[in-house]
$ cat protein.tsv   # TSV, C-alpha atoms
chain	number	residue	atom	x	y	z
A	1	MET	CA	47.74	11.98	-26.87
A	2	THR	CA	46.31	12.03	-23.37
A	3	THR	CA	43.21	13.65	-21.95
A	4	ARG	CA	45.32	16.61	-20.82
A	5	ASP	CA	46.44	17.23	-24.40
A	6	LEU	CA	42.89	17.79	-25.66
A	7	PRO	CA	42.00	21.22	-27.08
A	8	ILE	CA	39.32	21.76	-24.47
A	9	ARG	CA	39.13	24.23	-21.59
A	10	PRO	CA	39.27	22.83	-18.03
A	11	ASP	CA	35.87	24.27	-17.15
A	12	SER	CA	34.30	22.71	-20.22
A	13	HIS	CA	34.35	19.32	-18.53
A	14	ASP	CA	31.05	20.45	-17.03
A	15	PHE	CA	28.20	19.41	-19.31
A	16	SER	CA	24.83	20.89	-18.41
A	17	LEU	CA	21.67	21.35	-20.44
A	18	VAL	CA	20.33	23.76	-17.81
A	19	LEU	CA	23.02	26.33	-16.94
A	20	GLY	CA	22.51	28.67	-19.84
A	21	GLY	CA	20.19	30.94	-21.75
A	22	PRO	CA	18.77	34.39	-21.00
A	23	LEU	CA	16.16	33.14	-18.53
A	24	PHE	CA	18.79	31.38	-16.43
A	25	GLN	CA	20.81	34.59	-16.26
A	26	LEU	CA	17.67	36.53	-15.31
A	27	VAL	CA	16.86	34.06	-12.55
A	28	ARG	CA	20.40	34.37	-11.20
A	29	ARG	CA	20.20	38.17	-11.13
A	30	ALA	CA	16.88	37.91	-9.31
A	31	HIS	CA	18.71	35.87	-6.61
A	32	LEU	CA	16.51	32.85	-7.26
A	33	SER	CA	19.44	30.65	-8.25
A	34	GLY	CA	23.18	30.32	-7.79
A	35	ASN	CA	25.78	29.33	-10.32
A	36	ALA	CA	24.89	25.66	-9.88
A	37	LEU	CA	21.11	25.93	-9.44
A	38	GLU	CA	21.15	26.37	-5.71
A	39	LEU	CA	18.13	27.94	-3.96
A	40	VAL	CA	15.69	25.46	-5.51
A	41	ARG	CA	13.16	26.03	-2.71
A	42	ARG	CA	13.17	29.74	-3.45
A	43	ARG	CA	12.43	29.04	-7.13
A	44	LEU	CA	9.63	26.64	-6.25
A	45	ILE	CA	7.98	29.20	-3.98
A	46	ALA	CA	8.42	31.93	-6.60
A	47	THR	CA	6.72	29.89	-9.32
A	48	VAL	CA	3.73	29.17	-7.09
A	49	ILE	CA	3.46	32.83	-6.09
A	50	LEU	CA	3.61	33.94	-9.72
A	51	THR	CA	1.36	31.36	-11.35
A	52	TRP	CA	-1.07	29.91	-8.79
A	53	LEU	CA	-1.54	32.36	-5.91
A	54	PRO	CA	-2.95	35.22	-8.07
A	55	LEU	CA	-5.54	32.81	-9.47
A	56	LEU	CA	-6.69	31.97	-5.96
A	57	ALA	CA	-6.81	35.64	-4.92
A	58	LEU	CA	-8.73	36.77	-8.03
A	59	SER	CA	-11.14	33.84	-7.72
A	60	ILE	CA	-11.88	34.79	-4.13
A	61	LEU	CA	-12.44	38.44	-5.08
A	62	THR	CA	-14.91	37.48	-7.81
A	63	GLY	CA	-16.70	34.88	-5.69
A	64	ARG	CA	-15.67	31.89	-7.83
A	65	ALA	CA	-13.11	30.22	-5.57
A	66	TRP	CA	-15.76	27.92	-4.07
A	67	GLY	CA	-19.50	27.68	-3.78
A	68	MET	CA	-22.17	27.29	-6.49
A	69	ALA	CA	-21.63	30.47	-8.52
A	70	VAL	CA	-20.14	28.42	-11.38
A	71	GLN	CA	-20.06	24.73	-12.21
A	72	VAL	CA	-16.31	24.50	-11.69
A	73	PRO	CA	-15.10	26.75	-8.86
A	74	PHE	CA	-11.39	27.23	-8.41
A	75	TYR	CA	-10.90	24.69	-5.64
A	76	LYS	CA	-12.45	21.95	-7.82
A	77	ASP	CA	-10.29	22.56	-10.88
A	78	VAL	CA	-7.97	19.58	-10.52
A	79	GLU	CA	-6.35	20.32	-13.85
A	80	VAL	CA	-5.00	23.73	-12.92
A	81	HIS	CA	-3.83	22.48	-9.50
A	82	ALA	CA	-2.08	19.48	-11.06
A	83	ARG	CA	-0.49	21.73	-13.65
A	84	LEU	CA	0.70	24.57	-11.40
A	85	LEU	CA	1.20	22.89	-8.02
A	86	VAL	CA	2.59	19.53	-9.17
A	87	ALA	CA	3.81	19.53	-12.76
A	88	LEU	CA	5.40	22.99	-12.78
A	89	PRO	CA	7.39	22.46	-9.54
A	90	LEU	CA	8.54	19.09	-10.91
A	91	LEU	CA	9.81	20.84	-14.05
A	92	VAL	CA	11.78	23.22	-11.83
A	93	LEU	CA	13.11	20.38	-9.67
A	94	ALA	CA	14.09	18.40	-12.77
A	95	GLU	CA	16.56	21.15	-13.69
A	96	LEU	CA	18.60	20.55	-10.55
A	97	VAL	CA	18.46	16.74	-10.79
A	98	VAL	CA	19.42	16.61	-14.47
A	99	HIS	CA	22.20	19.16	-13.98
A	100	GLN	CA	23.77	17.21	-11.12
A	101	ARG	CA	23.59	13.86	-12.91
A	102	MET	CA	24.68	15.15	-16.31
A	103	ARG	CA	27.42	17.54	-15.25
A	104	PRO	CA	30.34	15.01	-15.26
A	105	LEU	CA	29.28	13.43	-18.58
A	106	VAL	CA	32.07	14.81	-20.79
A	107	GLN	CA	34.63	14.25	-18.06
A	108	ARG	CA	33.69	10.58	-17.84
A	109	PHE	CA	34.13	10.09	-21.56
A	110	LEU	CA	37.60	11.65	-21.34
A	111	GLU	CA	38.76	10.14	-18.04
A	112	ARG	CA	37.78	6.66	-19.12
A	113	ASP	CA	39.48	7.14	-22.50
A	114	LEU	CA	36.34	6.11	-24.37
A	115	VAL	CA	36.89	8.37	-27.39
A	116	ALA	CA	39.56	7.35	-29.89
A	117	GLU	CA	42.24	9.92	-30.59
A	118	ALA	CA	41.07	10.34	-34.18
A	119	SER	CA	37.61	11.41	-32.93
A	120	ARG	CA	38.62	13.65	-30.02
A	121	ALA	CA	38.25	16.86	-32.04
A	122	LYS	CA	34.81	15.80	-33.28
A	123	PHE	CA	33.76	14.96	-29.73
A	124	VAL	CA	34.84	18.37	-28.45
A	125	GLU	CA	33.07	20.06	-31.37
A	126	SER	CA	29.84	18.22	-30.52
A	127	TYR	CA	30.06	19.41	-26.93
A	128	GLU	CA	30.70	23.03	-27.90
A	129	ALA	CA	27.83	23.01	-30.42
A	130	ALA	CA	25.43	21.79	-27.72
A	131	MET	CA	26.55	24.54	-25.35
A	132	ARG	CA	26.14	27.23	-28.01
A	133	LEU	CA	22.58	26.14	-28.70
A	134	ARG	CA	21.83	25.93	-24.99
A	135	ASN	CA	22.86	29.57	-24.57
A	136	SER	CA	20.99	30.82	-27.64
A	137	VAL	CA	18.93	33.98	-27.12
A	138	LEU	CA	17.08	33.42	-30.38
A	139	VAL	CA	15.84	30.00	-29.31
A	140	GLU	CA	14.26	31.31	-26.11
A	141	VAL	CA	12.67	34.24	-27.95
A	142	LEU	CA	11.15	31.84	-30.47
A	143	LEU	CA	9.90	29.64	-27.64
A	144	ILE	CA	8.14	32.63	-26.04
A	145	VAL	CA	6.51	33.54	-29.36
A	146	PHE	CA	5.46	29.94	-29.92
A	147	VAL	CA	4.01	29.69	-26.42
A	148	TYR	CA	1.88	32.83	-26.74
A	149	VAL	CA	0.61	31.83	-30.18
A	150	GLY	CA	-0.49	28.49	-28.73
A	151	VAL	CA	-2.04	30.03	-25.61
A	152	LEU	CA	-3.98	32.64	-27.60
A	153	PHE	CA	-5.20	30.55	-30.53
A	154	ILE	CA	-5.00	26.83	-29.65
A	155	TRP	CA	-5.46	26.48	-25.90
A	156	PRO	CA	-8.87	28.29	-25.76
A	157	ARG	CA	-10.25	25.79	-28.26
A	158	TYR	CA	-8.76	22.53	-27.02
A	159	GLY	CA	-7.56	23.21	-23.47
A	160	LEU	CA	-10.49	24.93	-21.76
A	161	LEU	CA	-13.40	23.09	-20.18
A	162	HIS	CA	-16.59	23.79	-22.10
A	163	VAL	CA	-18.52	24.64	-18.93
A	164	GLY	CA	-18.85	27.69	-16.70
A	165	SER	CA	-15.79	27.88	-14.48
A	166	TRP	CA	-13.77	30.25	-12.34
A	167	SER	CA	-11.64	31.16	-15.38
A	168	SER	CA	-14.21	31.52	-18.18
A	169	LEU	CA	-17.95	31.78	-18.69
A	170	PRO	CA	-19.91	30.57	-21.74
A	171	ALA	CA	-20.93	33.42	-24.04
A	172	GLU	CA	-21.83	34.05	-27.64
A	173	GLY	CA	-18.75	34.15	-29.81
A	174	GLY	CA	-16.68	32.09	-27.40
A	175	PRO	CA	-15.88	31.84	-23.68
A	176	ARG	CA	-15.62	35.12	-21.75
A	177	ARG	CA	-12.63	35.21	-19.43
A	178	THR	CA	-12.87	36.30	-15.82
A	179	PRO	CA	-10.05	38.36	-14.19
A	180	ALA	CA	-8.51	35.11	-12.96
A	181	GLY	CA	-8.90	33.71	-16.46
A	182	TRP	CA	-6.91	36.60	-17.93
A	183	TRP	CA	-4.07	35.96	-15.49
A	184	LEU	CA	-4.21	32.28	-16.32
A	185	ALA	CA	-4.07	32.99	-20.07
A	186	TYR	CA	-1.33	35.63	-20.09
A	187	VAL	CA	0.87	34.68	-17.14
A	188	SER	CA	0.31	31.24	-15.63
A	189	MET	CA	-0.14	29.23	-18.82
A	190	PRO	CA	2.70	30.93	-20.73
A	191	VAL	CA	5.09	30.35	-17.82
A	192	PHE	CA	4.15	26.69	-17.64
A	193	GLN	CA	4.23	26.17	-21.40
A	194	PHE	CA	7.58	27.91	-21.71
A	195	MET	CA	9.09	25.71	-19.02
A	196	LEU	CA	7.67	22.61	-20.69
A	197	PHE	CA	8.77	23.43	-24.22
A	198	ARG	CA	12.17	24.56	-23.04
A	199	TRP	CA	12.55	21.07	-21.61
A	200	TYR	CA	11.68	19.63	-25.02
A	201	PHE	CA	14.39	21.82	-26.51
A	202	ARG	CA	16.86	20.51	-23.93
A	203	ILE	CA	15.87	16.95	-24.76
A	204	PHE	CA	16.52	17.78	-28.41
A	205	LEU	CA	20.03	18.98	-27.45
A	206	TRP	CA	20.59	15.78	-25.47
A	207	ILE	CA	19.48	13.57	-28.37
A	208	ARG	CA	21.56	15.58	-30.85
A	209	PHE	CA	24.67	15.35	-28.66
A	210	LEU	CA	24.33	11.60	-28.18
A	211	ALA	CA	23.78	11.08	-31.92
A	212	GLN	CA	26.97	13.01	-32.67
A	213	VAL	CA	28.98	11.16	-30.01
A	214	ALA	CA	27.72	7.83	-31.34
A	215	ARG	CA	29.22	8.75	-34.72
A	216	CYS	CA	32.65	9.18	-33.11
A	217	ARG	CA	34.99	6.24	-32.92
A	218	LEU	CA	34.66	4.85	-29.41
A	219	LYS	CA	37.05	2.52	-27.61
A	220	LEU	CA	34.57	0.11	-26.05
A	221	VAL	CA	35.62	-2.81	-23.85
A	222	PRO	CA	33.52	-5.98	-24.39
A	223	THR	CA	34.37	-7.37	-20.94
A	224	HIS	CA	33.44	-4.23	-18.99
A	225	PRO	CA	31.51	-5.21	-15.81
A	226	HIS	CA	28.64	-2.84	-16.73
A	227	ARG	CA	28.02	-5.09	-19.75
A	228	ALA	CA	27.74	-1.96	-21.89
A	229	GLY	CA	31.29	-1.63	-23.17
A	230	GLY	CA	32.01	1.16	-20.67
A	231	LEU	CA	28.93	3.26	-21.47
A	232	GLY	CA	26.85	2.09	-18.51
A	233	PHE	CA	26.94	5.55	-16.92
A	234	LEU	CA	24.66	6.84	-19.72
A	235	ALA	CA	21.85	4.62	-18.45
A	236	ASN	CA	22.23	6.14	-14.98
A	237	ILE	CA	21.89	9.63	-16.47
A	238	ALA	CA	18.59	8.59	-18.07
A	239	PHE	CA	17.15	8.07	-14.56
A	240	ALA	CA	17.71	11.79	-13.90
A	241	PHE	CA	14.73	12.56	-16.13
A	242	ALA	CA	12.35	10.95	-13.60
A	243	PRO	CA	10.98	14.32	-12.32
A	244	LEU	CA	10.32	15.38	-15.91
A	245	LEU	CA	8.42	12.17	-16.60
A	246	SER	CA	6.47	12.57	-13.36
A	247	ALA	CA	5.48	16.09	-14.44
A	248	HIS	CA	4.00	14.66	-17.63
A	249	GLY	CA	2.12	12.09	-15.58
A	250	ALA	CA	0.65	14.77	-13.33
A	251	LEU	CA	-0.27	16.90	-16.33
A	252	ALA	CA	-2.06	14.01	-18.05
A	253	ALA	CA	-3.82	12.97	-14.83
A	254	GLY	CA	-5.16	16.47	-14.22
A	255	PHE	CA	-6.33	16.87	-17.81
A	256	ILE	CA	-8.17	13.54	-17.82
A	257	ALA	CA	-9.64	13.96	-14.33
A	258	ALA	CA	-11.14	17.35	-15.19
A	259	ARG	CA	-12.91	15.94	-18.24
A	260	ILE	CA	-14.18	12.92	-16.34
A	261	PHE	CA	-15.53	15.03	-13.47
A	262	PHE	CA	-17.06	17.89	-15.45
A	263	GLN	CA	-17.64	16.78	-19.04
A	264	GLY	CA	-18.89	13.20	-18.58
A	265	ALA	CA	-15.86	11.50	-20.17
A	266	THR	CA	-14.61	8.08	-19.12
A	267	LEU	CA	-11.08	6.83	-18.61
A	268	VAL	CA	-11.39	4.50	-21.62
A	269	ASP	CA	-11.89	7.55	-23.84
A	270	PHE	CA	-8.24	8.46	-23.27
A	271	LYS	CA	-6.60	5.09	-23.91
A	272	ILE	CA	-4.90	6.31	-27.10
A	273	GLU	CA	-3.61	9.46	-25.42
A	274	LEU	CA	-2.25	7.49	-22.45
A	275	ALA	CA	-0.47	5.01	-24.71
A	276	ALA	CA	0.95	7.86	-26.80
A	277	ILE	CA	2.32	9.60	-23.71
A	278	VAL	CA	4.08	6.45	-22.51
A	279	VAL	CA	5.61	5.78	-25.92
A	280	PHE	CA	6.65	9.41	-26.37
A	281	LEU	CA	8.39	9.57	-23.00
A	282	LEU	CA	10.21	6.28	-23.56
A	283	VAL	CA	11.39	7.42	-26.97
A	284	ILE	CA	12.80	10.76	-25.81
A	285	VAL	CA	14.49	9.42	-22.65
A	286	VAL	CA	15.59	5.86	-23.45
A	287	GLY	CA	15.49	5.93	-27.25
A	288	PRO	CA	18.66	8.07	-27.73
A	289	LEU	CA	20.76	5.34	-26.11
A	290	LEU	CA	20.02	3.20	-29.15
A	291	PHE	CA	22.41	5.39	-31.15
A	292	PHE	CA	25.24	3.39	-29.58
A	293	MET	CA	23.83	0.03	-30.63
A	294	PRO	CA	25.95	-0.40	-33.81
A	295	GLN	CA	29.23	0.22	-31.96
A	296	LEU	CA	28.17	-1.95	-29.03
A	297	ALA	CA	27.18	-4.77	-31.40
A	298	ALA	CA	30.50	-4.44	-33.22
A	299	ALA	CA	32.39	-4.51	-29.90
A	300	ARG	CA	30.46	-7.63	-28.87
A	301	ARG	CA	31.30	-9.42	-32.12
A	302	LYS	CA	34.95	-8.42	-31.84
A	303	GLY	CA	35.05	-9.56	-28.22
A	304	LEU	CA	33.49	-12.92	-29.04
A	305	ARG	CA	36.00	-13.41	-31.83
A	306	GLU	CA	39.09	-12.41	-29.85
A	307	TYR	CA	38.15	-14.06	-26.57
A	308	GLY	CA	36.94	-17.11	-28.49
A	309	THR	CA	40.43	-17.45	-29.96
A	310	LEU	CA	41.97	-17.05	-26.52
A	311	ALA	CA	39.62	-19.64	-25.01
A	312	GLN	CA	40.33	-22.09	-27.84
A	313	ARG	CA	44.10	-21.78	-27.37
A	314	TYR	CA	43.75	-22.17	-23.61
A	315	VAL	CA	41.62	-25.31	-23.67
A	316	ARG	CA	43.76	-26.87	-26.38
A	317	GLU	CA	46.95	-26.37	-24.40
A	318	PHE	CA	45.19	-27.65	-21.26
A	319	ASP	CA	44.04	-30.74	-23.14
A	320	ILE	CA	47.53	-31.45	-24.51
A	321	LYS	CA	49.21	-30.85	-21.17
A	322	TRP	CA	46.93	-32.74	-18.81
A	323	LEU	CA	45.05	-35.29	-20.91
A	324	HIS	CA	47.63	-36.30	-23.49
A	325	GLY	CA	50.81	-36.49	-21.46
A	326	GLY	CA	52.20	-33.07	-22.29
A	327	ALA	CA	52.88	-32.09	-18.67
A	328	PRO	CA	56.53	-32.11	-17.52
A	329	ALA	CA	57.53	-35.05	-15.32
A	330	GLY	CA	56.66	-34.54	-11.69
A	331	GLU	CA	54.38	-31.54	-12.28
$ encode --input "protein.tsv" --output "structure tokens"
Amino acid sequence: MTTRDLPIRPDSHDFSLVLGGPLFQLVRRAHLSGNALELVRRRLIATVILTWLPLLALSILTGRAWGMAVQVPFYKDVEVHARLLVALPLLVLAELVVHQRMRPLVQRFLERDLVAEASRAKFVESYEAAMRLRNSVLVEVLLIVFVYVGVLFIWPRYGLLHVGSWSSLPAEGGPRRTPAGWWLAYVSMPVFQFMLFRWYFRIFLWIRFLAQVARCRLKLVPTHPHRAGGLGFLANIAFAFAPLLSAHGALAAGFIAARIFFQGATLVDFKIELAAIVVFLLVIVVGPLLFFMPQLAAARRKGLREYGTLAQRYVREFDIKWLHGGAPAGE
């Protein structure tokens, strides 16, 4: 059986965690994206206009954009700027980068004949299952519900600064939101949180797909120049998540800076959180590659055994021929 004989559609060679779901279709119909995530600048501008610009306008109208009316005017809120002007655009940019790097993934497995014939059907099934989940309407609806539950009940308690700011003012019974604060709570934060958690869902799909592929029988080559049995291209795909990791860095930096500037915290107070972020990001991006360790280790042992036998036969024949008179006369 060859790659052409596989029960898989020609267009299904494209593997993307991004091109699917109701929101993607909505963005396409709004002419903010093409079929392959073109128009990225238009999407970046649209996200800033939707999430950040109204906060600036409402803060100006209420006199809290700058000045001494509140302890934290809008221009000083490094957390919201880091979140909406740095982290959110990076989440949008990450979609294009990951799509471009990940798109030929299935094709590389098939073109390089890495999947044994007995596991081809299982490999195709794993791909199709990932695409079905990616396109799920229910998943995105649940994400929206989850985001609004968190924004309404968790974020006001743990995410807001406990000082007077452009978005909320201290009051009995809890902070009182300003007009800009209402937009932040019901538009800006939900958009950001949805984008973030949708990325976590995509990472889950990526991990699930790799786990299923690692359970297939793979035809690894111990002497491959990538020194990964032929799977070296997976490590290159991991680099595509760099914008996503940078977004987490910007988010953490803004959160910590705001509490240092306005609540008297110190950087040492966040050492556990910083370590947890680093570990978490390494686990979700690099950790899934460990699924292939058993097959790579088995290929290495097989290679050492087979090439060891070849080397032993070669040096023995060399020894007999050239050191013990086994060479033909005149050679």
$ atom_distance --input "protein.tsv" --atom1 "CA of Arg64 (chain A)" --atom2 "CA of Gly164 (chain A)"
10.3 Å
$ atom_distance --input "protein.tsv" --atom1 "CA of Ala238 (chain A)" --atom2 "CA of Leu296 (chain A)"
18.0 Å
$ closest_residue --input "protein.tsv" --among "A:Arg313, A:Arg120, A:His248, A:Lys302" --to "Leu196 (chain A)" --atoms "all atoms listed in the file"
A:His248
$ atom_distance --input "protein.tsv" --atom1 "CA of Ile60 (chain A)" --atom2 "CA of Glu79 (chain A)"
18.3 Å
$ closest_residue --input "protein.tsv" --among "A:Trp183, A:Phe123, A:Trp166, A:Trp322" --to "Gln212 (chain A)" --atoms "all atoms listed in the file"
A:Phe123
$ closest_residue --input "protein.tsv" --among "A:Val147, A:Leu44, A:Pro54, A:Ser165" --to "Gly67 (chain A)" --atoms "all atoms listed in the file"
A:Ser165
$ decode --input "protein.tsv" --residues "region 201-231 of chain A" --atoms "N, CA and C atoms" --output "PDB file, in the first residue's frame"
ATOM      1  N   PHE A 201      -7.695  24.933  24.528  1.00  0.00           N
ATOM      2  CA  PHE A 201      -8.419  23.827  23.893  1.00  0.00           C
ATOM      3  C   PHE A 201      -7.653  23.307  22.683  1.00  0.00           C
ATOM      4  N   ARG A 202      -7.071  24.214  21.891  1.00  0.00           N
ATOM      5  CA  ARG A 202      -6.280  23.781  20.740  1.00  0.00           C
ATOM      6  C   ARG A 202      -5.040  23.005  21.178  1.00  0.00           C
ATOM      7  N   ILE A 203      -4.425  23.451  22.257  1.00  0.00           N
ATOM      8  CA  ILE A 203      -3.276  22.704  22.785  1.00  0.00           C
ATOM      9  C   ILE A 203      -3.706  21.307  23.215  1.00  0.00           C
ATOM     10  N   PHE A 204      -4.895  21.227  23.824  1.00  0.00           N
ATOM     11  CA  PHE A 204      -5.425  19.905  24.190  1.00  0.00           C
ATOM     12  C   PHE A 204      -5.579  19.016  22.956  1.00  0.00           C
ATOM     13  N   LEU A 205      -6.109  19.579  21.861  1.00  0.00           N
ATOM     14  CA  LEU A 205      -6.240  18.804  20.618  1.00  0.00           C
ATOM     15  C   LEU A 205      -4.871  18.351  20.110  1.00  0.00           C
ATOM     16  N   TRP A 206      -3.892  19.239  20.185  1.00  0.00           N
ATOM     17  CA  TRP A 206      -2.533  18.920  19.731  1.00  0.00           C
ATOM     18  C   TRP A 206      -1.949  17.781  20.565  1.00  0.00           C
ATOM     19  N   ILE A 207      -2.090  17.868  21.878  1.00  0.00           N
ATOM     20  CA  ILE A 207      -1.560  16.828  22.756  1.00  0.00           C
ATOM     21  C   ILE A 207      -2.279  15.506  22.502  1.00  0.00           C
ATOM     22  N   ARG A 208      -3.592  15.566  22.358  1.00  0.00           N
ATOM     23  CA  ARG A 208      -4.384  14.356  22.113  1.00  0.00           C
ATOM     24  C   ARG A 208      -3.990  13.699  20.794  1.00  0.00           C
ATOM     25  N   PHE A 209      -3.794  14.508  19.754  1.00  0.00           N
ATOM     26  CA  PHE A 209      -3.408  13.958  18.459  1.00  0.00           C
ATOM     27  C   PHE A 209      -2.038  13.294  18.532  1.00  0.00           C
ATOM     28  N   LEU A 210      -1.072  13.969  19.157  1.00  0.00           N
ATOM     29  CA  LEU A 210       0.261  13.378  19.264  1.00  0.00           C
ATOM     30  C   LEU A 210       0.244  12.095  20.084  1.00  0.00           C
ATOM     31  N   ALA A 211      -0.556  12.060  21.150  1.00  0.00           N
ATOM     32  CA  ALA A 211      -0.655  10.845  21.968  1.00  0.00           C
ATOM     33  C   ALA A 211      -1.205   9.689  21.144  1.00  0.00           C
ATOM     34  N   GLN A 212      -2.202   9.964  20.290  1.00  0.00           N
ATOM     35  CA  GLN A 212      -2.776   8.910  19.468  1.00  0.00           C
ATOM     36  C   GLN A 212      -1.808   8.460  18.385  1.00  0.00           C
ATOM     37  N   VAL A 213      -1.086   9.406  17.781  1.00  0.00           N
ATOM     38  CA  VAL A 213      -0.105   9.039  16.756  1.00  0.00           C
ATOM     39  C   VAL A 213       1.023   8.217  17.368  1.00  0.00           C
ATOM     40  N   ALA A 214       1.417   8.575  18.587  1.00  0.00           N
ATOM     41  CA  ALA A 214       2.508   7.834  19.244  1.00  0.00           C
ATOM     42  C   ALA A 214       2.117   6.395  19.539  1.00  0.00           C
ATOM     43  N   ARG A 215       0.808   6.121  19.585  1.00  0.00           N
ATOM     44  CA  ARG A 215       0.361   4.740  19.809  1.00  0.00           C
ATOM     45  C   ARG A 215       0.272   3.940  18.505  1.00  0.00           C
ATOM     46  N   CYS A 216       0.438   4.627  17.366  1.00  0.00           N
ATOM     47  CA  CYS A 216       0.516   3.928  16.091  1.00  0.00           C
ATOM     48  C   CYS A 216       1.900   3.294  15.942  1.00  0.00           C
ATOM     49  N   ARG A 217       1.967   2.333  15.069  1.00  0.00           N
ATOM     50  CA  ARG A 217       3.269   1.723  14.786  1.00  0.00           C
ATOM     51  C   ARG A 217       3.996   2.589  13.769  1.00  0.00           C
ATOM     52  N   LEU A 218       5.124   3.146  14.175  1.00  0.00           N
ATOM     53  CA  LEU A 218       5.880   4.057  13.322  1.00  0.00           C
ATOM     54  C   LEU A 218       7.132   3.372  12.775  1.00  0.00           C
ATOM     55  N   LYS A 219       7.485   3.727  11.565  1.00  0.00           N
ATOM     56  CA  LYS A 219       8.674   3.173  10.907  1.00  0.00           C
ATOM     57  C   LYS A 219       9.809   4.183  11.038  1.00  0.00           C
ATOM     58  N   LEU A 220      10.458   4.156  12.196  1.00  0.00           N
ATOM     59  CA  LEU A 220      11.529   5.099  12.491  1.00  0.00           C
ATOM     60  C   LEU A 220      12.868   4.573  11.981  1.00  0.00           C
ATOM     61  N   VAL A 221      13.729   5.516  11.578  1.00  0.00           N
ATOM     62  CA  VAL A 221      15.043   5.163  11.034  1.00  0.00           C
ATOM     63  C   VAL A 221      16.109   5.625  12.018  1.00  0.00           C
ATOM     64  N   PRO A 222      16.826   4.695  12.662  1.00  0.00           N
ATOM     65  CA  PRO A 222      17.811   5.098  13.694  1.00  0.00           C
ATOM     66  C   PRO A 222      18.919   5.995  13.176  1.00  0.00           C
ATOM     67  N   THR A 223      19.255   5.885  11.879  1.00  0.00           N
ATOM     68  CA  THR A 223      20.381   6.660  11.338  1.00  0.00           C
ATOM     69  C   THR A 223      19.934   7.944  10.657  1.00  0.00           C
ATOM     70  N   HIS A 224      18.705   8.372  10.888  1.00  0.00           N
ATOM     71  CA  HIS A 224      18.221   9.601  10.260  1.00  0.00           C
ATOM     72  C   HIS A 224      19.081  10.786  10.713  1.00  0.00           C
ATOM     73  N   PRO A 225      19.459  11.688   9.784  1.00  0.00           N
ATOM     74  CA  PRO A 225      20.355  12.801  10.158  1.00  0.00           C
ATOM     75  C   PRO A 225      19.767  13.736  11.208  1.00  0.00           C
ATOM     76  N   HIS A 226      18.442  13.790  11.373  1.00  0.00           N
ATOM     77  CA  HIS A 226      17.855  14.622  12.425  1.00  0.00           C
ATOM     78  C   HIS A 226      18.088  14.053  13.825  1.00  0.00           C
ATOM     79  N   ARG A 227      18.561  12.817  13.877  1.00  0.00           N
ATOM     80  CA  ARG A 227      18.828  12.128  15.144  1.00  0.00           C
ATOM     81  C   ARG A 227      17.534  11.993  15.966  1.00  0.00           C
ATOM     82  N   ALA A 228      16.408  11.905  15.246  1.00  0.00           N
ATOM     83  CA  ALA A 228      15.127  11.704  15.923  1.00  0.00           C
ATOM     84  C   ALA A 228      14.298  10.665  15.183  1.00  0.00           C
ATOM     85  N   GLY A 229      14.967   9.777  14.457  1.00  0.00           N
ATOM     86  CA  GLY A 229      14.277   8.688  13.791  1.00  0.00           C
ATOM     87  C   GLY A 229      13.416   9.118  12.623  1.00  0.00           C
ATOM     88  N   GLY A 230      13.474  10.393  12.228  1.00  0.00           N
ATOM     89  CA  GLY A 230      12.619  10.906  11.173  1.00  0.00           C
ATOM     90  C   GLY A 230      11.539  11.833  11.684  1.00  0.00           C
ATOM     91  N   LEU A 231      11.459  12.031  12.999  1.00  0.00           N
ATOM     92  CA  LEU A 231      10.424  12.868  13.600  1.00  0.00           C
ATOM     93  C   LEU A 231      10.941  14.264  13.955  1.00  0.00           C
TER      94      LEU A 231
END
